[in-house]
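Shown below: protein-v4.tsv, with TSV, C-alpha atoms.
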chain	number	residue	atom	x	y	z
A	1	MET	CA	-40.26	-27.42	215.18
A	2	HIS	CA	-42.21	-24.31	216.18
A	3	GLU	CA	-44.05	-26.63	218.57
A	4	LEU	CA	-41.23	-26.28	221.11
A	5	SER	CA	-41.68	-22.53	221.23
A	6	ILE	CA	-45.47	-22.93	221.30
A	7	THR	CA	-45.26	-25.41	224.16
A	8	ARG	CA	-43.08	-22.98	226.12
A	9	ASN	CA	-45.79	-20.35	225.65
A	10	ILE	CA	-48.44	-22.79	226.88
A	11	VAL	CA	-46.47	-23.71	229.99
A	12	ALA	CA	-45.71	-20.03	230.73
A	13	ILE	CA	-49.34	-18.97	230.38
A	14	VAL	CA	-50.72	-21.84	232.47
A	15	SER	CA	-48.02	-21.41	235.16
A	16	ALA	CA	-48.88	-17.73	235.50
A	17	ARG	CA	-52.61	-18.39	235.70
A	18	ALA	CA	-52.20	-21.27	238.18
A	19	ASN	CA	-50.71	-18.80	240.63
A	20	GLY	CA	-48.66	-21.43	242.43
A	21	ALA	CA	-51.27	-24.20	242.43
A	22	ARG	CA	-50.30	-27.58	240.99
A	23	VAL	CA	-51.84	-28.22	237.58
A	24	THR	CA	-52.99	-31.77	236.86
A	25	ARG	CA	-54.57	-31.33	233.45
A	26	VAL	CA	-54.37	-28.86	230.58
A	27	THR	CA	-56.78	-28.86	227.65
A	28	LEU	CA	-55.83	-27.32	224.33
A	29	GLU	CA	-57.88	-26.57	221.26
A	30	ILE	CA	-55.86	-26.98	218.10
A	31	GLY	CA	-57.37	-26.41	214.67
A	32	GLN	CA	-56.48	-28.97	212.03
A	33	LEU	CA	-55.43	-26.16	209.66
A	34	SER	CA	-53.27	-24.38	212.23
A	35	ALA	CA	-49.91	-25.85	211.12
A	36	VAL	CA	-49.40	-27.04	214.68
A	37	VAL	CA	-48.96	-30.78	215.14
A	38	PRO	CA	-50.58	-32.06	218.36
A	39	ASP	CA	-48.17	-34.99	218.64
A	40	ALA	CA	-45.22	-32.63	218.49
A	41	ILE	CA	-46.78	-30.52	221.29
A	42	ARG	CA	-47.24	-33.69	223.38
A	43	PHE	CA	-43.64	-34.63	222.70
A	44	CYS	CA	-42.40	-31.25	223.96
A	45	PHE	CA	-44.86	-30.87	226.81
A	46	ASP	CA	-43.36	-33.31	229.31
A	47	VAL	CA	-39.89	-31.86	228.82
A	48	VAL	CA	-40.96	-28.23	229.05
A	49	ALA	CA	-43.30	-28.85	232.02
A	50	LYS	CA	-40.51	-30.43	234.08
A	51	GLY	CA	-39.70	-28.37	237.15
A	52	THR	CA	-42.85	-26.24	236.82
A	53	VAL	CA	-46.30	-26.49	238.47
A	54	LEU	CA	-47.34	-28.42	235.35
A	55	GLU	CA	-44.88	-31.27	235.87
A	56	GLY	CA	-46.68	-34.59	235.37
A	57	ALA	CA	-49.89	-32.91	234.17
A	58	GLN	CA	-52.05	-34.66	231.63
A	59	LEU	CA	-52.31	-32.92	228.27
A	60	ASP	CA	-55.59	-33.18	226.37
A	61	VAL	CA	-55.91	-31.89	222.84
A	62	ILE	CA	-59.25	-31.19	221.21
A	63	GLU	CA	-58.68	-31.10	217.47
A	64	ILE	CA	-60.98	-28.75	215.64
A	65	PRO	CA	-61.80	-29.68	212.06
A	66	GLY	CA	-61.56	-27.09	209.32
A	67	ARG	CA	-64.75	-25.62	207.92
A	68	GLY	CA	-65.23	-22.92	205.35
A	69	ARG	CA	-67.89	-21.10	203.39
A	70	CYS	CA	-67.69	-20.58	199.67
A	71	ARG	CA	-67.86	-16.91	198.72
A	72	ASN	CA	-69.18	-17.87	195.31
A	73	CYS	CA	-72.10	-20.23	196.07
A	74	GLY	CA	-72.49	-19.71	199.82
A	75	ARG	CA	-72.19	-23.41	200.63
A	76	GLU	CA	-70.47	-24.49	203.85
A	77	ILE	CA	-67.90	-27.24	203.36
A	78	ALA	CA	-65.35	-29.28	205.33
A	79	LEU	CA	-61.76	-28.13	204.80
A	80	GLY	CA	-59.29	-31.01	204.96
A	81	GLN	CA	-56.49	-28.63	204.02
A	82	LEU	CA	-55.88	-24.93	203.83
A	83	ILE	CA	-56.52	-24.73	200.08
A	84	GLU	CA	-59.66	-26.54	199.04
A	85	ARG	CA	-61.91	-26.24	196.02
A	86	CYS	CA	-65.67	-26.00	196.49
A	87	ASP	CA	-67.91	-28.26	194.40
A	88	CYS	CA	-68.88	-25.16	192.43
A	89	GLY	CA	-65.23	-24.84	191.34
A	90	SER	CA	-64.36	-21.79	193.39
A	91	LEU	CA	-61.21	-21.51	195.51
A	92	ASP	CA	-62.51	-18.38	197.22
A	93	LEU	CA	-63.40	-19.74	200.65
A	94	VAL	CA	-63.82	-18.01	203.98
A	95	ARG	CA	-62.32	-20.13	206.73
A	96	LEU	CA	-64.80	-20.50	209.57
A	97	SER	CA	-62.80	-22.83	211.82
A	98	GLY	CA	-59.68	-24.94	211.92
A	99	GLU	CA	-57.02	-22.34	212.70
A	100	GLU	CA	-57.51	-22.27	216.49
A	101	LEU	CA	-54.60	-22.38	218.90
A	102	PHE	CA	-56.04	-21.93	222.37
A	103	ILE	CA	-55.59	-23.09	225.92
A	104	LYS	CA	-59.16	-24.03	226.79
A	105	GLU	CA	-58.87	-24.86	230.45
A	106	MET	CA	-56.76	-26.30	233.25
A	107	VAL	CA	-57.43	-28.40	236.32
A	108	THR	CA	-55.60	-27.50	239.52
A	109	VAL	CA	-55.34	-29.20	242.91
B	1	MET	CA	-38.75	-21.29	232.56
B	2	ASP	CA	-38.62	-17.54	232.50
B	3	LEU	CA	-40.75	-16.48	229.62
B	4	GLY	CA	-42.83	-13.97	231.49
B	5	PRO	CA	-46.45	-14.39	232.34
B	6	SER	CA	-49.19	-13.66	229.91
B	7	ARG	CA	-51.79	-12.50	232.37
B	8	GLU	CA	-54.99	-10.86	231.40
B	9	GLY	CA	-54.79	-7.16	232.08
B	10	ASP	CA	-51.17	-6.92	230.94
B	11	ASP	CA	-52.28	-5.79	227.55
B	12	PRO	CA	-54.00	-2.44	227.41
B	13	GLN	CA	-55.15	-3.08	223.86
B	14	GLY	CA	-56.67	-6.45	224.60
B	15	HIS	CA	-56.68	-9.22	222.06
B	16	HIS	CA	-59.40	-10.47	219.84
B	17	HIS	CA	-59.21	-13.97	221.31
B	18	ASP	CA	-59.53	-12.75	224.86
B	19	HIS	CA	-63.24	-12.05	224.73
B	20	ASP	CA	-64.07	-14.82	227.15
B	21	GLN	CA	-61.80	-13.58	229.87
B	22	GLY	CA	-62.79	-11.72	232.91
B	23	HIS	CA	-66.31	-12.86	233.62
B	24	ASP	CA	-66.20	-16.55	234.43
B	25	HIS	CA	-63.04	-16.78	236.48
B	26	GLY	CA	-60.54	-14.70	238.34
B	27	PRO	CA	-57.45	-15.06	240.46
B	28	ASP	CA	-59.61	-15.71	243.52
B	29	GLN	CA	-60.95	-18.93	241.98
B	30	VAL	CA	-57.60	-20.36	241.00
B	31	HIS	CA	-56.92	-22.20	244.24
B	32	VAL	CA	-60.14	-24.19	244.41
B	33	ASP	CA	-59.17	-27.87	244.75
B	34	GLY	CA	-59.53	-30.00	241.65
B	35	LYS	CA	-61.36	-27.24	239.94
B	36	THR	CA	-61.54	-26.91	236.20
B	37	ILE	CA	-60.62	-23.36	235.34
B	38	PRO	CA	-61.56	-22.04	231.94
B	39	LEU	CA	-58.74	-20.05	230.35
B	40	HIS	CA	-59.59	-19.47	226.68
B	41	GLU	CA	-56.19	-17.95	226.06
B	42	ALA	CA	-54.62	-17.63	222.65
B	43	VAL	CA	-51.30	-19.46	222.87
B	44	LEU	CA	-49.47	-16.87	220.79
B	45	ALA	CA	-51.10	-13.83	222.39
B	46	LYS	CA	-47.85	-12.66	223.94
B	47	ASN	CA	-45.97	-12.74	220.64
B	48	ASP	CA	-48.88	-11.02	218.91
B	49	ARG	CA	-48.85	-8.25	221.51
B	50	LEU	CA	-45.11	-7.71	221.16
B	51	ALA	CA	-45.47	-7.71	217.37
B	52	GLU	CA	-48.13	-5.00	217.62
B	53	ARG	CA	-45.77	-3.00	219.80
B	54	ASN	CA	-43.02	-3.33	217.15
B	55	ARG	CA	-45.50	-2.32	214.46
B	56	GLY	CA	-46.49	0.80	216.41
B	57	TRP	CA	-42.87	1.70	217.03
B	58	LEU	CA	-42.05	1.36	213.32
B	59	ARG	CA	-45.16	3.18	212.16
B	60	ALA	CA	-44.46	6.14	214.43
B	61	ARG	CA	-41.10	6.50	212.67
B	62	HIS	CA	-42.43	5.83	209.15
B	63	ILE	CA	-40.10	2.86	208.89
B	64	VAL	CA	-40.99	0.08	206.47
B	65	ALA	CA	-40.13	-3.35	207.88
B	66	LEU	CA	-40.27	-6.45	205.69
B	67	ASN	CA	-40.08	-10.05	206.87
B	68	LEU	CA	-38.16	-12.11	204.29
B	69	VAL	CA	-39.10	-15.76	204.41
B	70	SER	CA	-37.97	-18.73	202.32
B	71	SER	CA	-36.42	-22.17	202.46
B	72	PRO	CA	-32.67	-22.35	203.08
B	73	GLY	CA	-30.69	-21.69	199.91
B	74	SER	CA	-33.30	-19.69	198.00
B	75	GLY	CA	-30.85	-16.80	197.67
B	76	LYS	CA	-32.26	-14.47	200.33
B	77	THR	CA	-28.90	-13.07	201.40
B	78	THR	CA	-27.66	-12.56	197.82
B	79	LEU	CA	-30.92	-10.82	196.99
B	80	LEU	CA	-30.55	-8.60	200.01
B	81	GLU	CA	-26.91	-7.77	199.20
B	82	ARG	CA	-27.84	-6.70	195.68
B	83	THR	CA	-30.88	-4.72	196.83
B	84	ILE	CA	-28.80	-2.84	199.42
B	85	ARG	CA	-26.03	-2.05	196.90
B	86	ASP	CA	-28.40	-0.96	194.13
B	87	LEU	CA	-30.56	1.25	196.38
B	88	LYS	CA	-27.76	2.59	198.54
B	89	GLU	CA	-28.13	6.20	197.41
B	90	GLU	CA	-31.90	6.08	197.56
B	91	ILE	CA	-33.21	4.10	200.54
B	92	PRO	CA	-31.35	3.61	203.84
B	93	ILE	CA	-31.66	-0.10	204.65
B	94	HIS	CA	-30.97	-1.81	207.98
B	95	VAL	CA	-30.93	-5.58	208.36
B	96	ILE	CA	-31.87	-8.02	211.10
B	97	GLU	CA	-30.34	-11.41	210.26
B	98	GLY	CA	-31.92	-14.50	211.76
B	99	ASP	CA	-30.05	-17.80	211.62
B	100	GLN	CA	-29.84	-20.78	213.90
B	101	GLU	CA	-26.05	-20.53	214.05
B	102	THR	CA	-23.09	-18.49	212.69
B	103	VAL	CA	-22.68	-14.83	211.79
B	104	HIS	CA	-21.80	-15.57	208.13
B	105	ASP	CA	-24.83	-13.85	206.65
B	106	ALA	CA	-24.44	-10.78	208.86
B	107	GLU	CA	-20.82	-10.50	207.72
B	108	ARG	CA	-21.90	-10.64	204.07
B	109	ILE	CA	-24.44	-7.88	204.69
B	110	ARG	CA	-21.94	-5.81	206.67
B	111	ARG	CA	-19.59	-5.80	203.67
B	112	THR	CA	-22.23	-3.85	201.76
B	113	GLY	CA	-21.80	-1.09	204.34
B	114	CYS	CA	-25.29	-1.52	205.77
B	115	PRO	CA	-25.97	-1.63	209.54
B	116	VAL	CA	-26.83	-5.20	210.53
B	117	VAL	CA	-27.53	-7.17	213.66
B	118	GLN	CA	-27.34	-10.97	213.80
B	119	ILE	CA	-29.78	-12.92	215.94
B	120	ASN	CA	-28.98	-16.58	216.46
B	121	THR	CA	-32.07	-18.52	217.38
B	122	GLY	CA	-30.16	-21.64	218.45
B	123	ALA	CA	-32.70	-24.47	218.53
B	124	GLY	CA	-35.43	-22.08	217.36
B	125	CYS	CA	-36.54	-22.37	213.76
B	126	HIS	CA	-37.95	-18.87	213.39
B	127	LEU	CA	-37.66	-15.32	214.68
B	128	GLU	CA	-40.12	-14.07	217.29
B	129	ALA	CA	-41.37	-10.54	217.95
B	130	GLU	CA	-39.31	-10.16	221.12
B	131	MET	CA	-36.06	-10.90	219.20
B	132	VAL	CA	-36.97	-8.30	216.60
B	133	ALA	CA	-37.68	-5.76	219.36
B	134	ARG	CA	-34.14	-6.33	220.64
B	135	GLY	CA	-32.77	-6.09	217.12
B	136	LEU	CA	-34.55	-2.78	216.54
B	137	ALA	CA	-33.30	-1.38	219.83
B	138	HIS	CA	-29.76	-2.32	218.85
B	139	LEU	CA	-29.96	-1.01	215.27
B	140	ALA	CA	-31.91	2.17	216.07
B	141	PRO	CA	-32.96	2.70	212.44
B	142	PRO	CA	-33.64	6.35	211.56
B	143	PRO	CA	-37.09	7.58	210.53
B	144	ARG	CA	-38.16	6.81	206.93
B	145	SER	CA	-35.66	3.97	206.54
B	146	PHE	CA	-36.18	0.31	205.68
B	147	VAL	CA	-35.64	-2.66	207.96
B	148	MET	CA	-35.21	-5.99	206.21
B	149	ILE	CA	-35.71	-8.91	208.57
B	150	GLU	CA	-34.12	-12.02	207.10
B	151	ASN	CA	-35.95	-14.82	208.85
B	152	VAL	CA	-34.51	-18.28	209.49
B	153	GLY	CA	-34.69	-20.39	206.31
B	154	ASN	CA	-37.89	-22.33	206.91
B	155	LEU	CA	-41.24	-22.41	205.12
B	156	VAL	CA	-43.38	-23.53	208.05
B	157	CYS	CA	-42.72	-21.82	211.37
B	158	PRO	CA	-42.23	-18.16	210.34
B	159	ALA	CA	-45.81	-18.09	209.03
B	160	LEU	CA	-47.13	-18.36	212.60
B	161	PHE	CA	-45.05	-15.68	214.25
B	162	ASP	CA	-45.93	-12.08	213.54
B	163	LEU	CA	-42.87	-9.86	213.98
B	164	GLY	CA	-44.61	-6.52	213.53
B	165	GLU	CA	-43.58	-6.21	209.87
B	166	GLN	CA	-45.63	-4.40	207.25
B	167	ALA	CA	-45.42	-7.33	204.89
B	168	LYS	CA	-43.94	-10.78	204.50
B	169	VAL	CA	-41.93	-11.31	201.33
B	170	ALA	CA	-41.66	-14.96	200.30
B	171	ILE	CA	-38.67	-15.90	198.20
B	172	LEU	CA	-38.81	-19.01	196.10
B	173	SER	CA	-36.09	-20.10	193.70
B	174	VAL	CA	-36.53	-21.98	190.44
B	175	THR	CA	-34.31	-24.80	191.70
B	176	GLU	CA	-37.11	-25.69	194.13
B	177	GLY	CA	-40.40	-27.35	193.22
B	178	GLU	CA	-43.09	-25.61	191.19
B	179	ASP	CA	-45.64	-26.67	193.78
B	180	LYS	CA	-43.93	-25.15	196.83
B	181	ALA	CA	-46.80	-22.73	197.41
B	182	LEU	CA	-49.28	-25.61	197.51
B	183	LYS	CA	-47.07	-27.59	199.87
B	184	TYR	CA	-46.55	-24.67	202.26
B	185	PRO	CA	-49.78	-22.71	201.89
B	186	HIS	CA	-49.63	-21.03	205.31
B	187	LEU	CA	-46.55	-19.08	204.39
B	188	PHE	CA	-47.58	-18.12	200.86
B	189	ARG	CA	-51.00	-17.11	202.13
B	190	ALA	CA	-49.42	-14.87	204.77
B	191	ALA	CA	-47.10	-13.20	202.24
B	192	ARG	CA	-47.82	-10.00	200.31
B	193	VAL	CA	-45.02	-10.46	197.79
B	194	MET	CA	-43.40	-13.46	196.16
B	195	LEU	CA	-40.02	-13.17	194.49
B	196	LEU	CA	-39.23	-16.03	192.13
B	197	ASN	CA	-35.44	-15.96	192.24
B	198	LYS	CA	-32.59	-17.48	190.18
B	199	ILE	CA	-34.44	-17.09	186.87
B	200	ASP	CA	-31.02	-16.94	185.16
B	201	LEU	CA	-30.94	-20.72	185.69
B	202	LEU	CA	-34.21	-21.39	183.84
B	203	PRO	CA	-32.55	-22.48	180.54
B	204	HIS	CA	-30.88	-25.32	182.43
B	205	LEU	CA	-33.92	-26.56	184.33
B	206	ARG	CA	-37.28	-28.15	183.76
B	207	PHE	CA	-39.28	-25.61	185.70
B	208	ASP	CA	-42.67	-24.46	184.47
B	209	VAL	CA	-42.88	-20.82	185.57
B	210	GLU	CA	-46.54	-20.42	184.60
B	211	ARG	CA	-47.51	-23.47	186.61
B	212	CYS	CA	-45.57	-22.21	189.62
B	213	LEU	CA	-47.33	-18.83	189.46
B	214	GLU	CA	-50.69	-20.52	189.00
B	215	HIS	CA	-50.14	-22.50	192.20
B	216	ALA	CA	-49.02	-19.41	194.10
B	217	ARG	CA	-52.09	-17.46	192.97
B	218	ALA	CA	-54.37	-20.34	193.90
B	219	VAL	CA	-53.02	-20.11	197.44
B	220	ASN	CA	-53.03	-16.32	197.52
B	221	PRO	CA	-54.75	-14.37	194.74
B	222	ARG	CA	-53.48	-11.06	196.16
B	223	LEU	CA	-49.76	-11.90	195.86
B	224	ASP	CA	-47.55	-9.39	194.05
B	225	ILE	CA	-45.15	-11.59	192.11
B	226	PHE	CA	-41.76	-10.60	190.65
B	227	LEU	CA	-39.42	-12.80	188.61
B	228	VAL	CA	-35.85	-11.93	189.47
B	229	SER	CA	-32.25	-13.00	189.36
B	230	ALA	CA	-30.28	-11.51	192.23
B	231	LEU	CA	-27.13	-12.69	190.44
B	232	SER	CA	-27.64	-11.17	186.97
B	233	GLY	CA	-29.89	-8.36	188.15
B	234	ASN	CA	-32.66	-9.39	185.77
B	235	GLY	CA	-36.10	-8.28	186.95
B	236	MET	CA	-34.73	-6.56	190.05
B	237	GLU	CA	-35.98	-3.15	188.88
B	238	ASP	CA	-39.60	-4.31	189.30
B	239	TRP	CA	-38.89	-5.38	192.88
B	240	TYR	CA	-37.22	-2.02	193.55
B	241	GLY	CA	-40.32	-0.35	192.12
B	242	TRP	CA	-42.44	-2.15	194.70
B	243	LEU	CA	-40.06	-1.06	197.48
B	244	ARG	CA	-40.20	2.55	196.28
B	245	ARG	CA	-43.98	2.44	196.33
B	246	GLN	CA	-43.86	1.44	200.01
B	247	VAL	CA	-41.79	4.55	200.73
B	248	ARG	CA	-44.05	6.81	198.70
B	249	SER	CA	-47.29	5.62	200.20
B	250	GLY	CA	-45.77	5.82	203.67
B	251	GLU	CA	-47.16	4.04	206.65
B	252	SER	CA	-50.43	2.98	205.11
B	253	ALA	CA	-48.78	0.99	202.31
B	254	GLY	CA	-48.52	-2.74	202.24
B	255	LEU	CA	-50.19	-3.37	205.57
B	256	CYS	CA	-50.96	-7.00	205.94

Is it possible to give me this structure as structure tokens?
Amino acid sequence: MHELSITRNIVAIVSARANGARVTRVTLEIGQLSAVVPDAIRFCFDVVAKGTVLEGAQLDVIEIPGRGRCRNCGREIALGQLIERCDCGSLDLVRLSGEELFIKEMVTV
Amino acid sequence: MDLGPSREGDDPQGHHHDHDQGHDHGPDQVHVDGKTIPLHEAVLAKNDRLAERNRGWLRARHIVALNLVSSPGSGKTTLLERTIRDLKEEIPIHVIEGDQETVHDAERIRRTGCPVVQINTGAGCHLEAEMVARGLAHLAPPPRSFVMIENVGNLVCPALFDLGEQAKVAILSVTEGEDKALKYPHLFRAARVMLLNKIDLLPHLRFDVERCLEHARAVNPRLDIFLVSALSGNGMEDWYGWLRRQVRSGESAGLC
């Protein structure tokens, strides 16, 4: 359950940046290969946000699909999981996206 | 919630994810009503910064720190006990023990005569860089020593949290599945070394070693792999050889 610790980081970062303003929405970008489960973040968020300027804020998660480029044939392919085999047979892939773990933006009132 | 802010500007070194900061927003824009404020902050930036600080602290003292990761019951503590005893005259080892509860493992390590500090993570399933910083301050390891950080038994979370170590060492035992590396690729990809432990039990098990190694190499072709039994001592000399190489090649060795 590293999502609890990750959610605490999110709430701490957003609270600091909000500078006392109430936050009504937070948008995250989570890569599908990041080993972070969006539902688990949502589960933790309400609890962790309680008593902070984020209490009651809506949490939006943009999931970013994994993409990689094969070092052998140069083709760009979708990565459904961390270890994927290219059609050419190679496992040597450069990950281009899918490992993101960012706070994209917040809305304050 | 008192976790400390992660404001831009706190970090003199910056962070590779922070490239968008500083030109499309600022503290003066934060109070605009109903305004969408772009943040583009890496969620784990604070841990990454503290890990870099640990790494710098260790490097300045030529201390090799290893982050030992595995599932519960893989034999991490037994492996550590044997390593400490066998290398006692050669390499000074200090230990940071991470567990959710109890000081049992720290007591086992203490009986080897090695300085140890126990960190209980409570609900936390992994160690974080800040806990290791406290552990290092408490242990005060001397220059040119080793610090073994025994992470909480868990194959998922420790992969995400850099502690400032030179290398992660994944320990897998033959009583677990051959396909562990495929099931938990994040961790085996982050590791520099894999120790396949409890090989003394192989005659009693249906465990295909070659297949296990094949899976591990598919996940991470650069893995250094050693087959060991911390109980019988079989194969441990190869692992010690790797440790000695880290000492010999000093601070530049094993950087991951």

Report as a PDB file with C-alpha atoms, in the frame of the given file the set of chain A residues whose atoms approach chain B to within 8 Å, with distances computed over all atoms listed in the file.
ATOM      1  CA  MET A   1     -40.260 -27.420 215.180  1.00  0.00           C
ATOM      2  CA  HIS A   2     -42.210 -24.310 216.180  1.00  0.00           C
ATOM      3  CA  SER A   5     -41.680 -22.530 221.230  1.00  0.00           C
ATOM      4  CA  ILE A   6     -45.470 -22.930 221.300  1.00  0.00           C
ATOM      5  CA  ARG A   8     -43.080 -22.980 226.120  1.00  0.00           C
ATOM      6  CA  ASN A   9     -45.790 -20.350 225.650  1.00  0.00           C
ATOM      7  CA  ILE A  10     -48.440 -22.790 226.880  1.00  0.00           C
ATOM      8  CA  ALA A  12     -45.710 -20.030 230.730  1.00  0.00           C
ATOM      9  CA  ILE A  13     -49.340 -18.970 230.380  1.00  0.00           C
ATOM     10  CA  SER A  15     -48.020 -21.410 235.160  1.00  0.00           C
ATOM     11  CA  ALA A  16     -48.880 -17.730 235.500  1.00  0.00           C
ATOM     12  CA  ARG A  17     -52.610 -18.390 235.700  1.00  0.00           C
ATOM     13  CA  ALA A  18     -52.200 -21.270 238.180  1.00  0.00           C
ATOM     14  CA  ASN A  19     -50.710 -18.800 240.630  1.00  0.00           C
ATOM     15  CA  ALA A  21     -51.270 -24.200 242.430  1.00  0.00           C
ATOM     16  CA  ALA A  35     -49.910 -25.850 211.120  1.00  0.00           C
ATOM     17  CA  THR A  52     -42.850 -26.240 236.820  1.00  0.00           C
ATOM     18  CA  LEU A  82     -55.880 -24.930 203.830  1.00  0.00           C
ATOM     19  CA  ILE A  83     -56.520 -24.730 200.080  1.00  0.00           C
ATOM     20  CA  LEU A  91     -61.210 -21.510 195.510  1.00  0.00           C
ATOM     21  CA  LEU A 101     -54.600 -22.380 218.900  1.00  0.00           C
ATOM     22  CA  PHE A 102     -56.040 -21.930 222.370  1.00  0.00           C
ATOM     23  CA  ILE A 103     -55.590 -23.090 225.920  1.00  0.00           C
ATOM     24  CA  LYS A 104     -59.160 -24.030 226.790  1.00  0.00           C
ATOM     25  CA  GLU A 105     -58.870 -24.860 230.450  1.00  0.00           C
ATOM     26  CA  MET A 106     -56.760 -26.300 233.250  1.00  0.00           C
ATOM     27  CA  VAL A 107     -57.430 -28.400 236.320  1.00  0.00           C
ATOM     28  CA  THR A 108     -55.600 -27.500 239.520  1.00  0.00           C
ATOM     29  CA  VAL A 109     -55.340 -29.200 242.910  1.00  0.00           C
TER      30      VAL A 109
END

Contact residues around Gly66 in chain A with all atoms listed in the file at 9 Å, ignoring same-chain residues under 5 positions, as a short mmCIF file (atom, residue, chain, number, x, y, z; two decimals) with C-alpha atoms, keeping the file's coordinate frame:
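Saved result, around_36.cif, follows:
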data_model
loop_
_atom_site.label_atom_id
_atom_site.label_comp_id
_atom_site.auth_asym_id
_atom_site.auth_seq_id
_atom_site.Cartn_x
_atom_site.Cartn_y
_atom_site.Cartn_z
CA GLY A 31 -57.37 -26.41 214.67
CA GLN A 32 -56.48 -28.97 212.03
CA LEU A 33 -55.43 -26.16 209.66
CA ILE A 77 -67.90 -27.24 203.36
CA ALA A 78 -65.35 -29.28 205.33
CA LEU A 79 -61.76 -28.13 204.80
CA GLY A 80 -59.29 -31.01 204.96
CA GLN A 81 -56.49 -28.63 204.02
CA LEU A 82 -55.88 -24.93 203.83
CA ARG A 95 -62.32 -20.13 206.73
CA LEU A 96 -64.80 -20.50 209.57
CA SER A 97 -62.80 -22.83 211.82
CA GLY A 98 -59.68 -24.94 211.92
CA GLU A 99 -57.02 -22.34 212.70
#

Q: Measuring atom to atom with only C-alpha atoms, identify which of B:Gln246, B:Gln118, B:Ser173, B:Gln100 is nearest to Gly75 in chain B.
A: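 Between B:Gln246, B:Gln118, B:Ser173, B:Gln100, the residue approaching Gly75 in chain B most closely is B:Ser173.
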
Of A:Ile62, A:Val53, A:Ile30, A:Cys88, the one nearest to Glu76 in chain A when counting all atoms listed in the file is A:Cys88

Exercise. Counting all atoms listed in the file, find the residues whose atoms lie at most 10 Å from (-30.9, 2.6, 201.1) (file coordinates) and write them out as a list in words.
Key: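 Here is the list of nearby residues: Thr83, Ile84, Arg85, Asp86, Leu87, Lys88, Glu89, Glu90, Ile91, Pro92, Ile93, His94, Cys114, Ser145, Phe146 and Val147 of chain B.
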
Interatomic distance between CA of Val47 in chain A and CA of Ser71 in chain B?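 About the pair CA of Val47 in chain A and CA of Ser71 in chain B: they are 28.3 Å apart.
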
Check: Can you tell me, as a PyMOL selection string, what residues are no more than 9 Å from Glu165 in chain B when counting only C-alpha atoms, ignoring any on the same chain fewer than 5 positions away?
Finding: chain B and resi 51+54-55+58+64-67+147+149+255-256

At a cut-off of 10 Å around the point (-43.2, -31.0, 223.2) (file coordinates), what residues fall inside when counting all atoms listed in the file? I'd like the answer as a PyMOL selection string.
chain A and resi 1-8+37-49

For Glu100 in chain A, the closest of A:Gly20, A:Gly51, A:Gly74, A:Pro65 counting only C-alpha atoms is A:Pro65

So what do you get for CA of Asp224 in chain B versus CA of Glu130 in chain B, distance-wise?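 These two atoms are separated by 28.3 Å.
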